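*Asks:* Below is the file start.cif, with mmCIF, C-alpha atoms.
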```cif
data_model
#
loop_
_atom_site.group_PDB
_atom_site.id
_atom_site.type_symbol
_atom_site.label_atom_id
_atom_site.label_comp_id
_atom_site.auth_asym_id
_atom_site.auth_seq_id
_atom_site.Cartn_x
_atom_site.Cartn_y
_atom_site.Cartn_z
ATOM 1 C CA MET G 1 47.730 -44.450 -11.483
ATOM 2 C CA SER G 2 46.170 -43.508 -14.766
ATOM 3 C CA LEU G 3 42.901 -44.712 -16.185
ATOM 4 C CA ASN G 4 42.671 -47.974 -18.070
ATOM 5 C CA SER G 5 42.147 -46.974 -21.710
ATOM 6 C CA GLU G 6 40.949 -50.494 -22.512
ATOM 7 C CA TYR G 7 37.686 -49.412 -20.872
ATOM 8 C CA VAL G 8 36.790 -47.100 -23.774
ATOM 9 C CA GLY G 9 33.603 -48.490 -25.315
ATOM 10 C CA LYS G 10 32.709 -50.534 -22.250
ATOM 11 C CA VAL G 11 29.008 -50.511 -21.410
ATOM 12 C CA PHE G 12 27.541 -50.600 -17.900
ATOM 13 C CA GLY G 13 23.897 -51.501 -17.422
ATOM 14 C CA PRO G 14 21.083 -51.228 -18.099
ATOM 15 C CA GLY G 15 20.518 -50.818 -14.385
ATOM 16 C CA ALA G 16 17.370 -51.409 -12.376
ATOM 17 C CA PRO G 17 14.331 -49.382 -13.553
ATOM 18 C CA TYR G 18 13.989 -45.955 -11.889
ATOM 19 C CA GLU G 19 10.468 -44.695 -11.277
ATOM 20 C CA VAL G 20 10.138 -40.915 -11.535
ATOM 21 C CA SER G 21 7.756 -39.751 -8.794
ATOM 22 C CA ARG G 22 5.870 -36.522 -8.144
ATOM 23 C CA VAL G 23 7.397 -36.301 -4.670
ATOM 24 C CA LYS G 24 10.979 -36.628 -5.944
ATOM 25 C CA ILE G 25 10.402 -34.036 -8.672
ATOM 26 C CA ALA G 26 8.969 -31.583 -6.115
ATOM 27 C CA GLU G 27 11.842 -32.267 -3.705
ATOM 28 C CA PHE G 28 14.417 -31.670 -6.439
ATOM 29 C CA ALA G 29 12.662 -28.508 -7.649
ATOM 30 C CA ASP G 30 12.598 -27.206 -4.047
ATOM 31 C CA ALA G 31 16.296 -27.993 -3.605
ATOM 32 C CA ILE G 32 17.387 -26.083 -6.715
ATOM 33 C CA GLY G 33 14.881 -23.262 -6.178
ATOM 34 C CA GLU G 34 12.888 -23.940 -9.372
ATOM 35 C CA PRO G 35 9.515 -22.305 -8.643
ATOM 36 C CA SER G 36 7.461 -23.604 -11.607
ATOM 37 C CA GLU G 37 4.055 -25.077 -10.825
ATOM 38 C CA LEU G 38 4.651 -27.485 -13.717
ATOM 39 C CA CYS G 39 6.967 -29.361 -11.323
ATOM 40 C CA ARG G 40 4.343 -29.529 -8.549
ATOM 41 C CA ASP G 41 0.781 -29.225 -9.832
ATOM 42 C CA THR G 42 -0.450 -32.121 -11.950
ATOM 43 C CA GLU G 43 -3.424 -30.159 -13.292
ATOM 44 C CA ALA G 44 -1.194 -27.260 -14.360
ATOM 45 C CA ALA G 45 1.177 -29.701 -16.049
ATOM 46 C CA LYS G 46 -1.713 -31.342 -17.909
ATOM 47 C CA GLU G 47 -2.991 -27.956 -19.039
ATOM 48 C CA ALA G 48 0.478 -27.300 -20.451
ATOM 49 C CA GLY G 49 0.223 -30.539 -22.425
ATOM 50 C CA TYR G 50 2.235 -32.881 -20.229
ATOM 51 C CA PRO G 51 0.976 -36.241 -18.907
ATOM 52 C CA ASP G 52 1.959 -35.304 -15.325
ATOM 53 C CA VAL G 53 4.333 -32.984 -13.441
ATOM 54 C CA ILE G 54 7.655 -32.568 -15.252
ATOM 55 C CA ALA G 55 11.194 -32.649 -13.938
ATOM 56 C CA PRO G 56 13.592 -29.686 -14.304
ATOM 57 C CA PRO G 57 16.201 -30.310 -17.028
ATOM 58 C CA THR G 58 19.031 -31.195 -14.643
ATOM 59 C CA PHE G 59 16.900 -33.725 -12.727
ATOM 60 C CA ALA G 60 18.252 -36.418 -15.054
ATOM 61 C CA ILE G 61 21.526 -36.289 -13.081
ATOM 62 C CA VAL G 62 19.754 -38.183 -10.263
ATOM 63 C CA ILE G 63 19.272 -41.119 -12.616
ATOM 64 C CA SER G 64 22.471 -40.805 -14.640
ATOM 65 C CA MET G 65 24.704 -40.504 -11.564
ATOM 66 C CA ALA G 66 23.483 -43.821 -10.189
ATOM 67 C CA SER G 67 24.499 -45.374 -13.512
ATOM 68 C CA THR G 68 27.872 -43.650 -13.930
ATOM 69 C CA GLU G 69 28.768 -44.576 -10.335
ATOM 70 C CA VAL G 70 28.705 -48.228 -11.333
ATOM 71 C CA ALA G 71 31.291 -47.483 -14.029
ATOM 72 C CA GLN G 72 33.378 -45.242 -11.758
ATOM 73 C CA GLN G 73 33.533 -47.885 -9.049
ATOM 74 C CA ASP G 74 34.696 -50.663 -11.368
ATOM 75 C CA PRO G 75 38.150 -51.420 -9.929
ATOM 76 C CA GLY G 76 39.482 -52.227 -13.416
ATOM 77 C CA LEU G 77 38.931 -48.626 -14.520
ATOM 78 C CA GLY G 78 41.431 -47.340 -11.948
ATOM 79 C CA LEU G 79 39.651 -44.115 -11.040
ATOM 80 C CA ASP G 80 40.638 -42.439 -7.757
ATOM 81 C CA PHE G 81 37.365 -40.735 -6.922
ATOM 82 C CA SER G 82 38.912 -38.617 -4.144
ATOM 83 C CA MET G 83 40.831 -36.755 -6.876
ATOM 84 C CA VAL G 84 37.896 -36.277 -9.241
ATOM 85 C CA VAL G 85 36.329 -32.964 -10.222
ATOM 86 C CA HIS G 86 33.356 -32.498 -12.519
ATOM 87 C CA GLY G 87 34.642 -31.024 -15.786
ATOM 88 C CA GLU G 88 31.636 -30.869 -18.098
ATOM 89 C CA GLN G 89 28.020 -31.924 -18.119
ATOM 90 C CA SER G 90 25.323 -31.960 -20.746
ATOM 91 C CA PHE G 91 21.773 -33.233 -21.137
ATOM 92 C CA THR G 92 19.991 -33.902 -24.418
ATOM 93 C CA HIS G 93 16.293 -34.536 -23.931
ATOM 94 C CA SER G 94 13.872 -35.982 -26.474
ATOM 95 C CA ARG G 95 11.231 -34.745 -24.036
ATOM 96 C CA PRO G 96 11.124 -33.805 -20.349
ATOM 97 C CA LEU G 97 11.019 -36.551 -17.750
ATOM 98 C CA HIS G 98 7.628 -36.659 -16.040
ATOM 99 C CA ALA G 99 6.118 -38.338 -13.016
ATOM 100 C CA GLY G 100 5.187 -41.906 -13.860
ATOM 101 C CA ASP G 101 8.117 -42.455 -16.218
ATOM 102 C CA VAL G 102 9.967 -45.677 -15.508
ATOM 103 C CA VAL G 103 13.407 -45.430 -17.076
ATOM 104 C CA VAL G 104 16.475 -47.575 -17.363
ATOM 105 C CA ALA G 105 19.949 -46.080 -17.695
ATOM 106 C CA THR G 106 22.923 -47.477 -19.604
ATOM 107 C CA THR G 107 26.357 -45.869 -19.402
ATOM 108 C CA THR G 108 29.016 -46.120 -22.090
ATOM 109 C CA ILE G 109 32.601 -44.991 -21.562
ATOM 110 C CA GLU G 110 33.127 -42.759 -24.588
ATOM 111 C CA SER G 111 36.686 -41.636 -24.137
ATOM 112 C CA ILE G 112 39.660 -41.576 -21.803
ATOM 113 C CA LYS G 113 42.393 -39.016 -22.308
ATOM 114 C CA VAL G 114 45.561 -38.624 -20.293
ATOM 115 C CA LEU G 115 47.239 -35.221 -20.259
ATOM 116 C CA GLY G 116 50.299 -35.198 -18.062
ATOM 117 C CA ASP G 117 49.178 -36.230 -14.587
ATOM 118 C CA MET G 118 45.512 -35.513 -15.356
ATOM 119 C CA SER G 119 43.030 -37.935 -16.852
ATOM 120 C CA MET G 120 39.749 -37.072 -18.532
ATOM 121 C CA LEU G 121 36.900 -39.551 -18.579
ATOM 122 C CA VAL G 122 33.794 -39.028 -20.727
ATOM 123 C CA MET G 123 30.719 -41.152 -20.012
ATOM 124 C CA ALA G 124 27.404 -41.066 -21.867
ATOM 125 C CA THR G 125 24.290 -42.297 -20.087
ATOM 126 C CA ASP G 126 21.219 -43.104 -22.161
ATOM 127 C CA MET G 127 17.903 -43.037 -20.311
ATOM 128 C CA LEU G 128 15.078 -44.908 -22.003
ATOM 129 C CA THR G 129 11.644 -45.814 -20.762
ATOM 130 C CA VAL G 130 11.033 -49.499 -20.111
ATOM 131 C CA ASP G 131 9.136 -49.422 -23.442
ATOM 132 C CA GLY G 132 12.317 -48.330 -25.219
ATOM 133 C CA GLU G 133 11.497 -44.626 -25.778
ATOM 134 C CA HIS G 134 14.555 -42.374 -25.551
ATOM 135 C CA VAL G 135 14.034 -39.587 -22.989
ATOM 136 C CA CYS G 136 17.473 -38.200 -22.221
ATOM 137 C CA THR G 137 21.171 -38.696 -22.798
ATOM 138 C CA ALA G 138 23.487 -37.247 -20.160
ATOM 139 C CA LYS G 139 27.189 -36.773 -20.817
ATOM 140 C CA SER G 140 29.627 -36.319 -17.965
ATOM 141 C CA MET G 141 33.286 -35.418 -18.267
ATOM 142 C CA LEU G 142 35.232 -36.093 -15.090
ATOM 143 C CA VAL G 143 38.777 -34.923 -14.463
ATOM 144 C CA GLU G 144 41.045 -36.952 -12.215
ATOM 145 C CA ARG G 145 43.679 -34.604 -10.863
ATOM 146 C CA GLY G 146 47.192 -35.895 -10.420
ATOM 147 C CA LYS G 147 48.671 -36.319 -6.960
ATOM 148 C CA MET A 1 6.983 -12.224 -19.257
ATOM 149 C CA THR A 2 7.888 -15.416 -21.008
ATOM 150 C CA ALA A 3 9.666 -15.339 -24.335
ATOM 151 C CA LYS A 4 7.818 -16.064 -27.586
ATOM 152 C CA TYR A 5 9.602 -17.581 -30.562
ATOM 153 C CA ASP A 6 8.305 -14.941 -32.965
ATOM 154 C CA ASP A 7 9.458 -12.067 -30.719
ATOM 155 C CA VAL A 8 12.985 -13.379 -30.252
ATOM 156 C CA GLU A 9 15.922 -12.588 -32.537
ATOM 157 C CA VAL A 10 19.582 -13.483 -32.617
ATOM 158 C CA GLY A 11 21.145 -11.084 -30.125
ATOM 159 C CA THR A 12 18.052 -10.802 -27.913
ATOM 160 C CA THR A 13 19.321 -10.537 -24.353
ATOM 161 C CA ILE A 14 17.682 -12.121 -21.328
ATOM 162 C CA PRO A 15 17.522 -9.851 -18.261
ATOM 163 C CA PRO A 16 20.253 -10.837 -15.767
ATOM 164 C CA ARG A 17 19.265 -12.446 -12.483
ATOM 165 C CA THR A 18 21.108 -13.243 -9.287
ATOM 166 C CA TYR A 19 20.740 -16.574 -7.511
ATOM 167 C CA THR A 20 22.040 -17.595 -4.110
ATOM 168 C CA ALA A 21 23.973 -20.593 -2.838
ATOM 169 C CA ARG A 22 23.877 -20.870 0.945
ATOM 170 C CA ARG A 23 25.059 -23.766 3.075
ATOM 171 C CA VAL A 24 21.462 -24.863 3.613
ATOM 172 C CA ASP A 25 20.917 -24.900 -0.160
ATOM 173 C CA LEU A 26 23.875 -27.249 -0.613
ATOM 174 C CA VAL A 27 22.594 -29.552 2.130
ATOM 175 C CA LYS A 28 19.180 -29.650 0.458
ATOM 176 C CA TYR A 29 20.786 -30.244 -2.934
ATOM 177 C CA ALA A 30 22.912 -33.069 -1.535
ATOM 178 C CA GLY A 31 19.809 -34.757 -0.168
ATOM 179 C CA ALA A 32 17.696 -34.295 -3.284
ATOM 180 C CA SER A 33 20.404 -35.281 -5.769
ATOM 181 C CA GLY A 34 22.148 -37.998 -3.784
ATOM 182 C CA ASP A 35 25.554 -36.280 -4.149
ATOM 183 C CA PHE A 36 26.917 -36.404 -0.612
ATOM 184 C CA ASN A 37 30.541 -35.549 -1.438
ATOM 185 C CA PRO A 38 31.731 -33.907 1.838
ATOM 186 C CA ILE A 39 33.459 -31.049 -0.042
ATOM 187 C CA HIS A 40 29.937 -29.626 -0.359
ATOM 188 C CA TRP A 41 29.122 -29.578 3.370
ATOM 189 C CA ASN A 42 32.254 -30.181 5.470
ATOM 190 C CA ASP A 43 34.833 -27.361 5.709
ATOM 191 C CA ARG A 44 37.427 -29.533 7.427
ATOM 192 C CA PHE A 45 37.259 -32.170 4.709
ATOM 193 C CA ALA A 46 37.248 -29.563 1.914
ATOM 194 C CA ARG A 47 40.432 -27.959 3.284
ATOM 195 C CA GLU A 48 42.102 -31.341 3.658
ATOM 196 C CA VAL A 49 41.756 -31.888 -0.089
ATOM 197 C CA GLY A 50 43.138 -28.456 -0.911
ATOM 198 C CA LEU A 51 39.976 -26.398 -1.323
ATOM 199 C CA PRO A 52 39.389 -23.007 0.340
ATOM 200 C CA GLY A 53 36.403 -24.497 2.171
ATOM 201 C CA VAL A 54 32.977 -25.786 1.226
ATOM 202 C CA ILE A 55 32.169 -25.270 -2.466
ATOM 203 C CA ALA A 56 28.847 -25.539 -4.260
ATOM 204 C CA HIS A 57 28.030 -28.648 -6.283
ATOM 205 C CA GLY A 58 28.772 -27.850 -9.920
ATOM 206 C CA MET A 59 25.353 -29.326 -10.612
ATOM 207 C CA TYR A 60 23.723 -26.864 -8.167
ATOM 208 C CA THR A 61 25.230 -23.988 -10.140
ATOM 209 C CA MET A 62 24.187 -25.584 -13.420
ATOM 210 C CA ALA A 63 20.671 -25.986 -12.017
ATOM 211 C CA GLN A 64 20.518 -22.238 -11.262
ATOM 212 C CA ALA A 65 21.389 -21.533 -14.897
ATOM 213 C CA GLY A 66 18.646 -24.020 -15.808
ATOM 214 C CA ASN A 67 16.158 -22.148 -13.611
ATOM 215 C CA TYR A 68 17.136 -18.936 -15.392
ATOM 216 C CA VAL A 69 16.473 -20.329 -18.861
ATOM 217 C CA SER A 70 13.313 -22.122 -17.687
ATOM 218 C CA ALA A 71 11.902 -18.888 -16.253
ATOM 219 C CA TRP A 72 12.600 -17.094 -19.525
ATOM 220 C CA ALA A 73 10.870 -19.841 -21.526
ATOM 221 C CA GLY A 74 8.057 -20.111 -18.946
ATOM 222 C CA ASP A 75 8.452 -23.897 -18.822
ATOM 223 C CA PRO A 76 11.231 -26.072 -17.372
ATOM 224 C CA GLY A 77 10.246 -28.690 -19.968
ATOM 225 C CA ALA A 78 11.236 -26.309 -22.754
ATOM 226 C CA VAL A 79 14.945 -26.743 -22.010
ATOM 227 C CA LEU A 80 15.678 -29.713 -24.268
ATOM 228 C CA GLU A 81 19.454 -29.499 -24.454
ATOM 229 C CA PHE A 82 21.752 -27.997 -21.886
ATOM 230 C CA GLY A 83 25.506 -28.294 -21.599
ATOM 231 C CA VAL A 84 28.183 -26.575 -19.539
ATOM 232 C CA ARG A 85 31.862 -26.664 -18.691
ATOM 233 C CA PHE A 86 32.685 -26.133 -15.018
ATOM 234 C CA SER A 87 35.465 -23.554 -15.132
ATOM 235 C CA ALA A 88 35.755 -22.285 -11.557
ATOM 236 C CA MET A 89 34.428 -23.326 -8.188
ATOM 237 C CA VAL A 90 31.882 -21.408 -6.137
ATOM 238 C CA PRO A 91 33.068 -21.140 -2.512
ATOM 239 C CA VAL A 92 30.112 -20.906 -0.146
ATOM 240 C CA PRO A 93 31.096 -19.172 3.102
ATOM 241 C CA ASP A 94 29.766 -20.200 6.485
ATOM 242 C CA ASP A 95 27.929 -17.082 7.630
ATOM 243 C CA ALA A 96 28.763 -16.064 11.185
ATOM 244 C CA ASN A 97 25.201 -14.986 11.843
ATOM 245 C CA PRO A 98 22.973 -16.479 9.175
ATOM 246 C CA PRO A 99 19.558 -14.821 9.228
ATOM 247 C CA LEU A 100 16.853 -17.235 10.308
ATOM 248 C CA ASP A 101 14.677 -16.264 7.386
ATOM 249 C CA GLY A 102 17.453 -17.284 5.014
ATOM 250 C CA THR A 103 17.182 -14.092 3.011
ATOM 251 C CA THR A 104 20.882 -13.337 2.719
ATOM 252 C CA GLY A 105 24.243 -14.964 3.151
ATOM 253 C CA GLY A 106 26.116 -17.516 1.108
ATOM 254 C CA ALA A 107 27.436 -16.858 -2.388
ATOM 255 C CA SER A 108 25.804 -14.929 -5.217
ATOM 256 C CA ILE A 109 25.572 -16.509 -8.649
ATOM 257 C CA GLU A 110 24.985 -13.991 -11.431
ATOM 258 C CA VAL A 111 23.371 -15.271 -14.589
ATOM 259 C CA SER A 112 22.805 -13.572 -17.929
ATOM 260 C CA GLY A 113 22.018 -14.867 -21.393
ATOM 261 C CA VAL A 114 21.684 -14.055 -25.059
ATOM 262 C CA VAL A 115 19.995 -15.758 -27.999
ATOM 263 C CA LYS A 116 22.733 -17.030 -30.327
ATOM 264 C CA GLU A 117 20.732 -18.870 -32.954
ATOM 265 C CA LYS A 118 17.162 -19.376 -34.118
ATOM 266 C CA LEU A 119 16.641 -22.996 -35.024
ATOM 267 C CA GLY A 120 13.684 -24.703 -36.646
ATOM 268 C CA ASP A 121 10.749 -26.247 -34.799
ATOM 269 C CA ARG A 122 10.424 -23.129 -32.559
ATOM 270 C CA LYS A 123 13.779 -23.827 -30.947
ATOM 271 C CA VAL A 124 16.464 -21.292 -30.088
ATOM 272 C CA ALA A 125 20.027 -21.683 -28.842
ATOM 273 C CA VAL A 126 20.870 -19.537 -25.835
ATOM 274 C CA ASP A 127 24.339 -18.836 -24.475
ATOM 275 C CA VAL A 128 24.337 -18.392 -20.715
ATOM 276 C CA VAL A 129 27.016 -16.570 -18.735
ATOM 277 C CA VAL A 130 27.339 -17.594 -15.095
ATOM 278 C CA ALA A 131 29.670 -15.770 -12.720
ATOM 279 C CA ALA A 132 30.380 -15.821 -8.988
ATOM 280 C CA GLY A 133 32.925 -13.825 -7.024
ATOM 281 C CA GLY A 134 34.121 -12.121 -10.224
ATOM 282 C CA ALA A 135 34.970 -15.396 -11.985
ATOM 283 C CA LYS A 136 33.145 -17.192 -14.774
ATOM 284 C CA VAL A 137 32.074 -20.400 -13.084
ATOM 285 C CA LEU A 138 30.432 -21.992 -16.123
ATOM 286 C CA LYS A 139 31.865 -21.760 -19.615
ATOM 287 C CA ARG A 140 30.408 -22.800 -22.960
ATOM 288 C CA ALA A 141 27.013 -22.899 -21.249
ATOM 289 C CA ARG A 142 24.447 -23.366 -23.987
ATOM 290 C CA ALA A 143 20.804 -24.374 -23.906
ATOM 291 C CA VAL A 144 18.479 -25.307 -26.732
ATOM 292 C CA VAL A 145 15.010 -24.153 -25.740
ATOM 293 C CA ARG A 146 11.652 -24.669 -27.407
ATOM 294 C CA LEU A 147 9.581 -21.500 -27.131
ATOM 295 C CA SER A 148 5.850 -21.064 -27.444
#
```
Will you turn the file into structure tokens for me?

*Replies:*
Amino acid sequence: MSLNSEYVGKVFGPGAPYEVSRVKIAEFADAIGEPSELCRDTEAAKEAGYPDVIAPPTFAIVISMASTEVAQQDPGLGLDFSMVVHGEQSFTHSRPLHAGDVVVATTTIESIKVLGDMSMLVMATDMLTVDGEHVCTAKSMLVERGK
Amino acid sequence: MTAKYDDVEVGTTIPPRTYTARRVDLVKYAGASGDFNPIHWNDRFAREVGLPGVIAHGMYTMAQAGNYVSAWAGDPGAVLEFGVRFSAMVPVPDDANPPLDGTTGGASIEVSGVVKEKLGDRKVAVDVVVAAGGAKVLKRARAVVRLS
């Protein structure tokens, strides 16, 4: 089954607000092996000019993935997740995420391409604070392999 | 030594570094990221879907490249834009006798980088090369970094 191209342009969200916490940033930094004190020490982060500890650049995937999953699980899209591999990923930050940010994510299906028995799905997830400030846009390209 | 905008030129290379992906790293990454796809922790499942065994999360590998650029800039918040194409998987073997101190084992991820462009506002574009097991695992990996 190939992807439903009528879903191009469809918007999912905004989802429930996500609160970025010091503990989650430290946990994520530990998991990826990012040693910076700016991810753990509030005073060090403030000295560097940030309001609080900052998240590593790929932390935004934690928030964007929860949003893209809503799109991926829409039965009308026709995505077989067991056949999906991650093709491309990008993050464009207006500024780093920091502890205390409360952000909402909205995912737009940007394109669907079918090449033989493979389909390519591009989703863009905008993450804005609850006050409407843009923090990050994540783009994911997923490849659904043919069976 | 962290990079300074005024000291950096197009063609400036960043010293290569090697990062490690062990099974325990993938388990930790699964927990921290929320990506519990069993191909990243269950050999039996991975083989059933045609993989050689457990492979690293693409995002774990991308995060290592992010650590590399962050260390060079001296600030993880300096990495404003970062994009990659996942071009090969990183198999992570199950070590027969993993050392308890976790110092070795798993797969090695080799990262190098070069400044491709000096942009305005103290920003530079860096191309990052990421290889594991002799294959390029990330392609078109580019970061836009704001230096001090």

*Asks:* If we count only C-alpha atoms, what is near Ala66 of chain G at a cut-off of 9 Å, once residues fewer than 4 positions away on the same chain are taken out, given as a compact mmCIF listing (two decimals) with C-alpha atoms, in the coordinates of the input?

*Replies:*
```txt
# COMPACT_ATOMS: atom_id res chain seq x y z
CA GLY G 15 20.52 -50.82 -14.38
CA ILE G 61 21.53 -36.29 -13.08
CA VAL G 62 19.75 -38.18 -10.26
CA VAL G 70 28.70 -48.23 -11.33
CA ALA G 105 19.95 -46.08 -17.70
CA GLY A 34 22.15 -38.00 -3.78
```

*Asks:* Could you check how far atom CA of Val122 of chain G sits from atom CA of Lys24 of chain G, in Å to one decimal?

*Replies:*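 If I compute the distance from atom CA of Val122 of chain G to atom CA of Lys24 of chain G, I get 27.3 Å.
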
*Asks:* Using atom CA of Asp25 of chain A and atom CA of Thr13 of chain A as the two end points, give the distance in Å to one decimal.

*Replies:*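 Between atom CA of Asp25 of chain A and atom CA of Thr13 of chain A the gap works out to 28.2 Å.
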
*Asks:* What does the structure give for the distance between atom CA of Val137 of chain A and atom CA of Trp72 of chain A, in Å to one decimal?

*Replies:*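 Computing the Euclidean distance for atom CA of Val137 of chain A and atom CA of Trp72 of chain A yields 20.8 Å.
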
*Asks:* As a PyMOL selection string, could you give me every residue of chain G near chain A (at most 8 Å apart, counting only C-alpha atoms)?

*Replies:* chain G and resi 24+27-28+31-34+36+38+54-59+61-62+86-96

*Asks:* Residues picked by the PyMOL selection byres ((chain G and resi 84) around 8) here, as a list in words?

*Replies:*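 In the shown coordinates, the PyMOL selection byres ((chain G and resi 84) around 8) covers Asp80, Phe81, Ser82, Met83, Val85, His86, Leu142, Val143, Glu144 and Arg145 of chain G.
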
*Asks:* Using C-alpha atoms, can you export the residues from the last selection as a short mmCIF file (atom, residue, chain, number, x, y, z; two decimals), in the coordinates of the input?

*Replies:*
```
data_model
loop_
_atom_site.label_atom_id
_atom_site.label_comp_id
_atom_site.auth_asym_id
_atom_site.auth_seq_id
_atom_site.Cartn_x
_atom_site.Cartn_y
_atom_site.Cartn_z
CA ASP G 80 40.64 -42.44 -7.76
CA PHE G 81 37.36 -40.74 -6.92
CA SER G 82 38.91 -38.62 -4.14
CA MET G 83 40.83 -36.76 -6.88
CA VAL G 85 36.33 -32.96 -10.22
CA HIS G 86 33.36 -32.50 -12.52
CA LEU G 142 35.23 -36.09 -15.09
CA VAL G 143 38.78 -34.92 -14.46
CA GLU G 144 41.04 -36.95 -12.22
CA ARG G 145 43.68 -34.60 -10.86
#
```

*Asks:* Which of these residues is nearest to Gly132 of chain G, using only C-alpha atoms: G:Pro51, G:Gly78, G:Pro17, G:Gly116?

*Replies:* G:Pro17

*Asks:* Within 8 Å of segment 107-111 of chain A, counting all atoms listed in the file, which residues show up once you throw out same-chain ones fewer than 6 positions away? Write them as a VMD selection string, please.

*Replies:* chain A and resid 16 to 22 61 65 68 90 to 93 128 to 133

*Asks:* Export C-alpha atoms of the chosen residues as a PDB file, keeping the file's coordinate frame?

*Replies:*
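part.pdb was written with the following content:
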```pdb
ATOM      1  CA  PRO A  16      20.253 -10.837 -15.767  1.00  0.00           C
ATOM      2  CA  ARG A  17      19.265 -12.446 -12.483  1.00  0.00           C
ATOM      3  CA  THR A  18      21.108 -13.243  -9.287  1.00  0.00           C
ATOM      4  CA  TYR A  19      20.740 -16.574  -7.511  1.00  0.00           C
ATOM      5  CA  THR A  20      22.040 -17.595  -4.110  1.00  0.00           C
ATOM      6  CA  ALA A  21      23.973 -20.593  -2.838  1.00  0.00           C
ATOM      7  CA  ARG A  22      23.877 -20.870   0.945  1.00  0.00           C
ATOM      8  CA  THR A  61      25.230 -23.988 -10.140  1.00  0.00           C
ATOM      9  CA  ALA A  65      21.389 -21.533 -14.897  1.00  0.00           C
ATOM     10  CA  TYR A  68      17.136 -18.936 -15.392  1.00  0.00           C
ATOM     11  CA  VAL A  90      31.882 -21.408  -6.137  1.00  0.00           C
ATOM     12  CA  PRO A  91      33.068 -21.140  -2.512  1.00  0.00           C
ATOM     13  CA  VAL A  92      30.112 -20.906  -0.146  1.00  0.00           C
ATOM     14  CA  PRO A  93      31.096 -19.172   3.102  1.00  0.00           C
ATOM     15  CA  VAL A 128      24.337 -18.392 -20.715  1.00  0.00           C
ATOM     16  CA  VAL A 129      27.016 -16.570 -18.735  1.00  0.00           C
ATOM     17  CA  VAL A 130      27.339 -17.594 -15.095  1.00  0.00           C
ATOM     18  CA  ALA A 131      29.670 -15.770 -12.720  1.00  0.00           C
ATOM     19  CA  ALA A 132      30.380 -15.821  -8.988  1.00  0.00           C
ATOM     20  CA  GLY A 133      32.925 -13.825  -7.024  1.00  0.00           C
TER      21      GLY A 133
END
```

*Asks:* Mind working out the centre and edge lengths of an axis-aligned box for segment 27-31 of chain G, all listed atoms inside, 8 Å added to each side, rounded to one decimal in Å and written as lines of an AutoDock Vina configuration file?

*Replies:*
```
center_x = 14.1
center_y = -29.7
center_z = -5.6
size_x = 20.5
size_y = 21.1
size_z = 20.0
```

*Asks:* Once the PyMOL selection byres ((chain G and resi 7) around 9) is applied to the coordinates I shared, what remains selected? I want it as a tab-separated table (two decimals) with C-alpha atoms, in the frame of the given file.

*Replies:*
```
chain	number	residue	atom	x	y	z
G	3	LEU	CA	42.90	-44.71	-16.18
G	4	ASN	CA	42.67	-47.97	-18.07
G	5	SER	CA	42.15	-46.97	-21.71
G	6	GLU	CA	40.95	-50.49	-22.51
G	8	VAL	CA	36.79	-47.10	-23.77
G	9	GLY	CA	33.60	-48.49	-25.32
G	10	LYS	CA	32.71	-50.53	-22.25
G	11	VAL	CA	29.01	-50.51	-21.41
G	76	GLY	CA	39.48	-52.23	-13.42
G	77	LEU	CA	38.93	-48.63	-14.52
G	109	ILE	CA	32.60	-44.99	-21.56
G	110	GLU	CA	33.13	-42.76	-24.59
G	111	SER	CA	36.69	-41.64	-24.14
G	112	ILE	CA	39.66	-41.58	-21.80
```

*Asks:* Once the PyMOL selection byres ((chain G and resi 133) around 12) is applied to the coordinates I shared, what remains selected? I want it as a list in words.

*Replies:* His93, Ser94, Arg95, Leu97, Asp101, Val102, Val103, Val104, Ala105, Asp126, Met127, Leu128, Thr129, Val130, Asp131, Gly132, His134, Val135, Cys136 and Thr137 of chain G

*Asks:* Please provide the set of residues having any atom within 8 Å of Ser2 of chain G, restricted to only C-alpha atoms, with same-chain residues fewer than 3 positions apart removed, written as a list in words.

*Replies:*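 Returned residues: Gly78, Leu79, Val114, Asp117 and Ser119 of chain G.
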
*Asks:* For His40 of chain A, which residue among A:Glu117, A:Asp94, A:Ala125, A:Glu9 is the nearest when counting all atoms listed in the file?

*Replies:* A:Asp94

*Asks:* Residues at most 9 Å from Thr42 of chain G, counting all atoms listed in the file, excluding those fewer than 5 positions away in the same chain, as a ChimeraX atom specification?

*Replies:* /G:22,37,47,50-54

*Asks:* Could you write those residues out with C-alpha atoms, as an mmCIF file, keeping the file's coordinate frame?

*Replies:*
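Wrote again12.cif, looks like this:
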```cif
data_model
loop_
_atom_site.group_PDB
_atom_site.id
_atom_site.type_symbol
_atom_site.label_atom_id
_atom_site.label_comp_id
_atom_site.auth_asym_id
_atom_site.auth_seq_id
_atom_site.Cartn_x
_atom_site.Cartn_y
_atom_site.Cartn_z
ATOM 1 C CA ARG G 22 5.870 -36.522 -8.144
ATOM 2 C CA GLU G 37 4.055 -25.077 -10.825
ATOM 3 C CA GLU G 47 -2.991 -27.956 -19.039
ATOM 4 C CA TYR G 50 2.235 -32.881 -20.229
ATOM 5 C CA PRO G 51 0.976 -36.241 -18.907
ATOM 6 C CA ASP G 52 1.959 -35.304 -15.325
ATOM 7 C CA VAL G 53 4.333 -32.984 -13.441
ATOM 8 C CA ILE G 54 7.655 -32.568 -15.252
#
```

*Asks:* Would you pick out the contacts of Ala3 of chain A at 8 Å or less, using only C-alpha atoms, so that residues sharing its chain but fewer than 2 positions from it are not included, and give the list as a count of residues only?

*Replies:* 9
